[in-house]
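Peer 1: Pasting a structure here, questions to come.
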Amino acid sequence: QVQVVESGGGSVQAGGSLRLSCAASGRTFTIKSMGWYRQTPGEQRELVARLTVDDRTDYADSVKGRFAIARGSAKDTVYLQMNSLKPEDTAVYYCNVMALGDFWGQGTQVTVSS
């Protein structure tokens, strides 16, 4: 099992920045990737960004050039730096850990006002 804890999020005006943090614990030696998804009411959860253990990154087209995912100095942590935020970035953001199974954090709200 892998435990996933998120922090960060909150409310910001359009054009502002926020940083989300995700820390994994437990059987972390099985981790293949860590990433962030987001979901709005009535919509499917969508990939925002992902970082693999061999440092490959994937980003949703809508966030390329504005968001950056990076590994933290603490073991098994990743950060999502979100810049130039737009109202359409408003969502609940979930950290995902792909290991011997799929593990999710509890979600953190990001609200961007115009």
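Residues in the structure tokens are numbered from 1 in each chain, the chains being A, B, ... in the order shown, and ligands are numbered from 1 in the order shown.
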Using only C-alpha atoms, determine which residues lie at most 9 Å from Leu20 of chain A, disregarding the query and same-chain residues fewer than 4 positions distant; provide the list as a ChimeraX atom specification.
Peer 2: /A:6-9,78-82,93,108
Peer 1: Figure out the distance between atom CA of Met98 of chain A and atom CA of Cys22 of chain A, please, to one decimal in Å.
Peer 2: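 Going from atom CA of Cys22 of chain A over to atom CA of Met98 of chain A, I get 13.1 Å.
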Peer 1: Residues of segment 3-91 of chain A in strand (DSSP E) according to DSSP, as a VMD selection string?
Peer 2: chain A and resid 3 to 8 10 to 13 18 to 26 33 to 39 46 to 52 57 to 59 67 to 71 77 to 82 91
Peer 1: Give the helix (DSSP H, G or I) residues of chain A, as DSSP finds them on the backbone, and put them as an MDAnalysis selection string.
Peer 2: chainID A and resid 28:30 61:63 87:89
Peer 1: So which residues touch Gln109 of chain A within 10 Å, counting only C-alpha atoms, skipping near sequence neighbours fewer than 3 positions away, as a short mmCIF file (atom, residue, chain, number, x, y, z; two decimals) with N, CA, C and O atoms, in the first residue's frame?
Peer 2:
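File around-v1.cif, as written:
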```cif
data_model
loop_
_atom_site.label_atom_id
_atom_site.label_comp_id
_atom_site.auth_asym_id
_atom_site.auth_seq_id
_atom_site.Cartn_x
_atom_site.Cartn_y
_atom_site.Cartn_z
N SER A 7 -1.00 18.79 -0.13
CA SER A 7 -1.12 20.08 0.54
C SER A 7 -1.03 21.18 -0.50
O SER A 7 -0.57 20.94 -1.63
N GLY A 8 -1.43 22.36 -0.12
CA GLY A 8 -1.45 23.48 -1.05
C GLY A 8 -2.86 23.72 -1.54
O GLY A 8 -3.82 23.23 -0.99
N GLY A 9 -2.98 24.45 -2.61
CA GLY A 9 -4.29 24.82 -3.11
C GLY A 9 -4.77 26.09 -2.45
O GLY A 9 -4.05 26.74 -1.70
N GLY A 10 -6.00 26.45 -2.77
CA GLY A 10 -6.59 27.66 -2.21
C GLY A 10 -7.22 28.50 -3.29
O GLY A 10 -7.55 28.01 -4.38
N SER A 11 -7.36 29.79 -3.00
CA SER A 11 -8.02 30.72 -3.92
C SER A 11 -7.02 31.77 -4.38
O SER A 11 -6.21 32.26 -3.59
N ARG A 38 -7.22 16.57 -12.14
CA ARG A 38 -8.20 17.52 -11.62
C ARG A 38 -9.59 17.13 -12.11
O ARG A 38 -9.74 16.47 -13.13
N GLN A 39 -10.56 17.60 -11.34
CA GLN A 39 -11.95 17.25 -11.66
C GLN A 39 -12.87 18.40 -11.27
O GLN A 39 -12.72 19.00 -10.20
N THR A 40 -13.81 18.70 -12.17
CA THR A 40 -14.86 19.67 -11.89
C THR A 40 -16.19 18.92 -11.83
O THR A 40 -16.30 17.81 -12.38
N THR A 90 -9.94 26.19 -12.27
CA THR A 90 -10.67 25.90 -11.04
C THR A 90 -11.14 24.45 -11.04
O THR A 90 -11.80 24.01 -11.98
N ALA A 91 -10.79 23.73 -9.99
CA ALA A 91 -11.13 22.30 -9.90
C ALA A 91 -10.64 21.76 -8.56
O ALA A 91 -9.92 22.45 -7.83
N VAL A 92 -11.01 20.53 -8.29
CA VAL A 92 -10.37 19.79 -7.21
C VAL A 92 -9.20 19.03 -7.82
O VAL A 92 -9.37 18.31 -8.82
N TYR A 93 -8.04 19.22 -7.25
CA TYR A 93 -6.83 18.59 -7.75
C TYR A 93 -6.47 17.39 -6.88
O TYR A 93 -6.46 17.50 -5.64
N TYR A 94 -6.17 16.28 -7.53
CA TYR A 94 -5.86 15.04 -6.83
C TYR A 94 -4.45 14.57 -7.20
O TYR A 94 -4.10 14.54 -8.39
N VAL A 112 -9.81 29.80 -9.00
CA VAL A 112 -9.22 30.95 -9.66
C VAL A 112 -10.36 31.89 -10.06
O VAL A 112 -11.24 31.52 -10.83
#
```
Peer 1: Could the residues of segment 91-112 of chain A that have an atom at most 10 Å from segment 23-36 of chain A be listed as JSON lines, each with its closest atom pair and the distance in Å to one decimal, counting only C-alpha atoms and ordered by chain and ascending residue number?
Peer 2:
```
{"residue": "A:Tyr93", "atom": "CA", "partner": "A:Trp36", "partner_atom": "CA", "distance": 6.6}
{"residue": "A:Tyr94", "atom": "CA", "partner": "A:Trp36", "partner_atom": "CA", "distance": 5.6}
{"residue": "A:Cys95", "atom": "CA", "partner": "A:Trp36", "partner_atom": "CA", "distance": 4.6}
{"residue": "A:Asn96", "atom": "CA", "partner": "A:Gly35", "partner_atom": "CA", "distance": 5.2}
{"residue": "A:Val97", "atom": "CA", "partner": "A:Met34", "partner_atom": "CA", "distance": 4.5}
{"residue": "A:Met98", "atom": "CA", "partner": "A:Ser33", "partner_atom": "CA", "distance": 5.3}
{"residue": "A:Ala99", "atom": "CA", "partner": "A:Ile31", "partner_atom": "CA", "distance": 4.1}
{"residue": "A:Leu100", "atom": "CA", "partner": "A:Thr30", "partner_atom": "CA", "distance": 6.2}
{"residue": "A:Gly101", "atom": "CA", "partner": "A:Ile31", "partner_atom": "CA", "distance": 9.1}
{"residue": "A:Asp102", "atom": "CA", "partner": "A:Ile31", "partner_atom": "CA", "distance": 9.7}
{"residue": "A:Phe103", "atom": "CA", "partner": "A:Ala24", "partner_atom": "CA", "distance": 9.4}
{"residue": "A:Trp104", "atom": "CA", "partner": "A:Trp36", "partner_atom": "CA", "distance": 9.4}
{"residue": "A:Gly105", "atom": "CA", "partner": "A:Ala24", "partner_atom": "CA", "distance": 9.2}
{"residue": "A:Gly107", "atom": "CA", "partner": "A:Trp36", "partner_atom": "CA", "distance": 9.8}
```
Peer 1: Here is a test: counting only C-alpha atoms, which residue of A:Thr77, A:Ser17, A:Ser62, A:Gln106 is nearest to Ala49 of chain A?
Peer 2: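 When distances to Ala49 of chain A are compared using only C-alpha atoms, the smallest one comes from A:Ser62.
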Peer 1: If you count only C-alpha atoms, which residues fall within 9 Å of Thr57 of chain A, apart from same-chain ones fewer than 5 positions away, as a list in words?
Peer 2: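 Neighbouring residues, sequence-local ones excluded: Ala49, Arg50, Leu51, Thr52, Ile69 and Ala70 of chain A.
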Peer 1: Just the selected residues (C-alpha atoms), exported as a PDB file, in the first residue's frame, please.
Peer 2:
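Contents of part_30.pdb, as written:
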```pdb
ATOM      1  CA  ALA A  49       0.803  16.504 -15.191  1.00  0.00           C
ATOM      2  CA  ARG A  50       2.791  13.374 -14.439  1.00  0.00           C
ATOM      3  CA  LEU A  51       6.414  12.610 -13.579  1.00  0.00           C
ATOM      4  CA  THR A  52       7.810   9.099 -13.979  1.00  0.00           C
ATOM      5  CA  ILE A  69       5.819  19.257 -12.104  1.00  0.00           C
ATOM      6  CA  ALA A  70       9.043  18.546 -10.260  1.00  0.00           C
TER       7      ALA A  70
END
```
Peer 1: May I have the residues within 10 Å of segment 63-65 of chain A as a compact mmCIF listing (two decimals) with N, CA and C atoms, in the first residue's frame, using only C-alpha atoms and disregarding those fewer than 4 positions away in the same chain?
Peer 2:
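Contents of part_36.txt, as written:
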```txt
# COMPACT_ATOMS: atom_id res chain seq x y z
N VAL A 48 -3.42 16.28 -15.38
CA VAL A 48 -2.82 17.61 -15.48
C VAL A 48 -1.33 17.47 -15.80
N ALA A 49 -0.63 16.69 -14.99
CA ALA A 49 0.80 16.50 -15.19
C ALA A 49 1.23 15.23 -14.48
N ASP A 58 4.63 14.35 -18.55
CA ASP A 58 3.48 14.51 -19.43
C ASP A 58 2.64 15.65 -18.88
N TYR A 59 2.13 16.48 -19.79
CA TYR A 59 1.27 17.59 -19.40
C TYR A 59 0.03 17.62 -20.27
N MET A 82 1.95 26.05 -10.37
CA MET A 82 0.93 26.52 -11.30
C MET A 82 1.03 28.04 -11.42
N ASN A 83 1.39 28.49 -12.59
CA ASN A 83 1.53 29.92 -12.87
C ASN A 83 0.49 30.37 -13.89
N SER A 84 0.30 31.67 -13.99
CA SER A 84 -0.64 32.25 -14.95
C SER A 84 -1.99 31.53 -14.88
N LEU A 85 -2.48 31.36 -13.69
CA LEU A 85 -3.72 30.61 -13.51
C LEU A 85 -4.91 31.31 -14.16
N LYS A 86 -5.82 30.48 -14.66
CA LYS A 86 -7.01 30.96 -15.34
C LYS A 86 -8.25 30.45 -14.60
N ASP A 89 -8.99 26.82 -14.68
CA ASP A 89 -8.17 25.90 -13.90
C ASP A 89 -8.84 25.53 -12.58
```
Peer 1: Using atom CA of Gly72 of chain A and atom CA of Asp54 of chain A as the two end points, give the distance in Å to one decimal.
Peer 2: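 Separation of atom CA of Gly72 of chain A and atom CA of Asp54 of chain A: 14.5 Å.
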Peer 1: What separation in Å, quoted to one decimal, exists between atom CA of Val2 of chain A and atom CA of Pro41 of chain A?
Peer 2: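 Here the two named atoms are 26.8 Å from each other.
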